[in-house]
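Asker: Can you read through this structure? Questions will come right after.
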Amino acid sequence: MRLDTWGLLWLVALIFILGVFPLYIIVKLLGGRVSLIKALVIKVAAVIITLLLSMAFGWVGPLLVALCLIILYMTAFRIGIIRAFLAWILEGVVLAALIFFLGALGIATVKWNGLVAAFQHLATLL
């Protein structure tokens with residue numbers, strides 16, 4: 001079954017909206033200053049930064065995205081570098097689990113080999 005354009009946009013919006021709550025909870029547990037609106041704004045900024053840096057810098061993009069998001073989390077949520085790194089990693093793990101759960105329900109399908117290749121590429125840069 002092929003996903004049409006509106007279905008894809010709905011799926012991206014669903015993952016985006018559901019992705020704000022884990023960011024909020026993770027930062028709250030790590031002791032940062034956060035509200036749902038602030039988490040939403042930071043999530044929008046993170047998506048824009050990710051798109052721009054990935055398109056502009058090619059293979060160096062994932063490393064720059066990681067560094068920029070950690071710095072963004074540090075300044076926006078007023079947490080240290082270790083806690084910002086933990087928030088970034090935990091958010092990625094929660095979102096991967098969310099995508100896997102949606103795939104198990106048949107709502108979304110993910111090519112895991114592409115996801116694994118992306119993480120391997122990022123690991124080689126670090």
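Letters for chains follow the order of the structure tokens (A, B, ...), residue numbers begin at 1 for each chain, and ligand numbers begin at 1 in the order shown.
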Per residue of stretch 5-70 of chain A within 8 Å of stretch 78-96 of chain A, which atom pair is closest and at what distance in Å (one decimal), using only C-alpha atoms, listed by chain and increasing number, as a Markdown table?
Answerer:
| residue | atom | partner | partner_atom | distance |
| --- | --- | --- | --- | --- |
| A:Ile15 | CA | A:Leu95 | CA | 7.9 |
| A:Gly19 | CA | A:Leu95 | CA | 6.4 |
| A:Pro22 | CA | A:Glu91 | CA | 6.4 |
| A:Leu23 | CA | A:Glu91 | CA | 6.0 |
| A:Ile26 | CA | A:Ala87 | CA | 6.1 |
| A:Val27 | CA | A:Ala87 | CA | 6.3 |
| A:Leu30 | CA | A:Arg83 | CA | 6.4 |
| A:Gly31 | CA | A:Ile79 | CA | 7.3 |
| A:Gly32 | CA | A:Ile79 | CA | 5.5 |
| A:Arg33 | CA | A:Arg78 | CA | 6.3 |
| A:Leu69 | CA | A:Trp88 | CA | 7.4 |
| A:Ile70 | CA | A:Ala84 | CA | 5.4 |
Asker: Go ahead and write the residues just picked, C-alpha atoms, as a compact mmCIF listing (two decimals), in the first residue's frame.
Answerer:
# COMPACT_ATOMS: atom_id res chain seq x y z
CA ILE A 15 5.28 12.23 14.77
CA GLY A 19 7.74 14.18 19.54
CA PRO A 22 9.04 13.31 25.01
CA LEU A 23 11.29 16.36 24.66
CA ILE A 26 13.04 14.46 29.18
CA VAL A 27 14.13 18.06 29.73
CA LEU A 30 16.90 16.52 33.57
CA GLY A 31 16.12 19.72 35.49
CA GLY A 32 15.79 22.16 32.61
CA ARG A 33 13.44 25.11 32.35
CA LEU A 69 21.03 20.86 18.58
CA ILE A 70 23.05 20.22 21.72
Asker: So the first atom is atom CA of A:Met74 and the second is atom CA of A:Leu40; what is the distance between them in Å, to one decimal place?
Answerer: 15.7 Å
Asker: Just checking: using only C-alpha atoms, which residue out of A:Tyr24, A:Val60, A:Ile99, A:Thr75 ends up closest to A:Lys43?
Answerer: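 So, comparing all the options, the nearest one is A:Tyr24.
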Asker: Which neighbours of A:Val47 fall inside 12 Å, counting only C-alpha atoms, when residues of the same chain fewer than 2 positions from it are skipped, and could you give them as an mmCIF file with N, CA and C atoms, in the first residue's frame?
Answerer:
data_model
loop_
_atom_site.group_PDB
_atom_site.id
_atom_site.type_symbol
_atom_site.label_atom_id
_atom_site.label_comp_id
_atom_site.auth_asym_id
_atom_site.auth_seq_id
_atom_site.Cartn_x
_atom_site.Cartn_y
_atom_site.Cartn_z
ATOM 1 N N VAL A 12 3.899 12.778 9.299
ATOM 2 C CA VAL A 12 4.987 13.640 9.773
ATOM 3 C C VAL A 12 4.479 14.570 10.867
ATOM 4 N N ALA A 13 3.286 15.143 10.676
ATOM 5 C CA ALA A 13 2.708 16.020 11.700
ATOM 6 C C ALA A 13 2.439 15.260 12.990
ATOM 7 N N PHE A 16 5.722 14.621 14.661
ATOM 8 C CA PHE A 16 6.230 15.890 15.165
ATOM 9 C C PHE A 16 5.515 16.304 16.451
ATOM 10 N N GLY A 19 6.340 14.025 19.180
ATOM 11 C CA GLY A 19 7.744 14.183 19.540
ATOM 12 C C GLY A 19 7.998 15.326 20.504
ATOM 13 N N VAL A 20 7.061 16.277 20.594
ATOM 14 C CA VAL A 20 7.228 17.401 21.519
ATOM 15 C C VAL A 20 7.089 16.930 22.963
ATOM 16 N N LEU A 40 7.776 23.138 21.940
ATOM 17 C CA LEU A 40 7.281 23.183 20.567
ATOM 18 C C LEU A 40 8.114 24.132 19.713
ATOM 19 N N VAL A 41 8.421 25.288 20.237
ATOM 20 C CA VAL A 41 9.233 26.262 19.497
ATOM 21 C C VAL A 41 10.632 25.716 19.231
ATOM 22 N N ILE A 42 11.223 25.090 20.235
ATOM 23 C CA ILE A 42 12.556 24.513 20.067
ATOM 24 C C ILE A 42 12.517 23.365 19.071
ATOM 25 N N LYS A 43 11.451 22.580 19.078
ATOM 26 C CA LYS A 43 11.318 21.482 18.126
ATOM 27 C C LYS A 43 11.222 22.011 16.699
ATOM 28 N N VAL A 44 10.469 23.091 16.492
ATOM 29 C CA VAL A 44 10.367 23.706 15.165
ATOM 30 C C VAL A 44 11.736 24.221 14.738
ATOM 31 N N ALA A 45 12.440 24.891 15.644
ATOM 32 C CA ALA A 45 13.791 25.392 15.334
ATOM 33 C C ALA A 45 14.735 24.235 15.011
ATOM 34 N N ILE A 49 16.780 23.794 11.554
ATOM 35 C CA ILE A 49 18.238 23.674 11.588
ATOM 36 C C ILE A 49 18.682 22.369 10.923
ATOM 37 N N THR A 50 17.987 21.295 11.228
ATOM 38 C CA THR A 50 18.336 19.997 10.645
ATOM 39 C C THR A 50 18.217 20.021 9.129
ATOM 40 N N LEU A 51 17.132 20.564 8.620
ATOM 41 C CA LEU A 51 16.947 20.620 7.172
ATOM 42 C C LEU A 51 18.006 21.491 6.501
ATOM 43 N N LEU A 52 18.241 22.667 7.047
ATOM 44 C CA LEU A 52 19.199 23.585 6.421
ATOM 45 C C LEU A 52 20.620 23.046 6.445
ATOM 46 N N LEU A 53 21.056 22.556 7.585
ATOM 47 C CA LEU A 53 22.426 22.065 7.680
ATOM 48 C C LEU A 53 22.640 20.782 6.883
ATOM 49 N N SER A 54 21.635 19.924 6.856
ATOM 50 C CA SER A 54 21.766 18.688 6.089
ATOM 51 C C SER A 54 21.875 18.964 4.597
ATOM 52 N N VAL A 65 24.610 19.158 12.731
ATOM 53 C CA VAL A 65 23.256 19.133 13.300
ATOM 54 C C VAL A 65 23.307 18.718 14.759
ATOM 55 N N ALA A 66 24.069 17.677 15.062
ATOM 56 C CA ALA A 66 24.182 17.205 16.446
ATOM 57 C C ALA A 66 24.748 18.303 17.338
ATOM 58 N N CYS A 68 24.809 21.590 16.825
ATOM 59 C CA CYS A 68 23.885 22.721 16.921
ATOM 60 C C CYS A 68 22.692 22.417 17.818
ATOM 61 N N LEU A 69 22.169 21.197 17.734
ATOM 62 C CA LEU A 69 21.025 20.861 18.585
ATOM 63 C C LEU A 69 21.422 20.776 20.056
ATOM 64 N N LEU A 72 21.711 24.301 21.104
ATOM 65 C CA LEU A 72 20.358 24.862 21.194
ATOM 66 C C LEU A 72 19.669 24.422 22.483
#
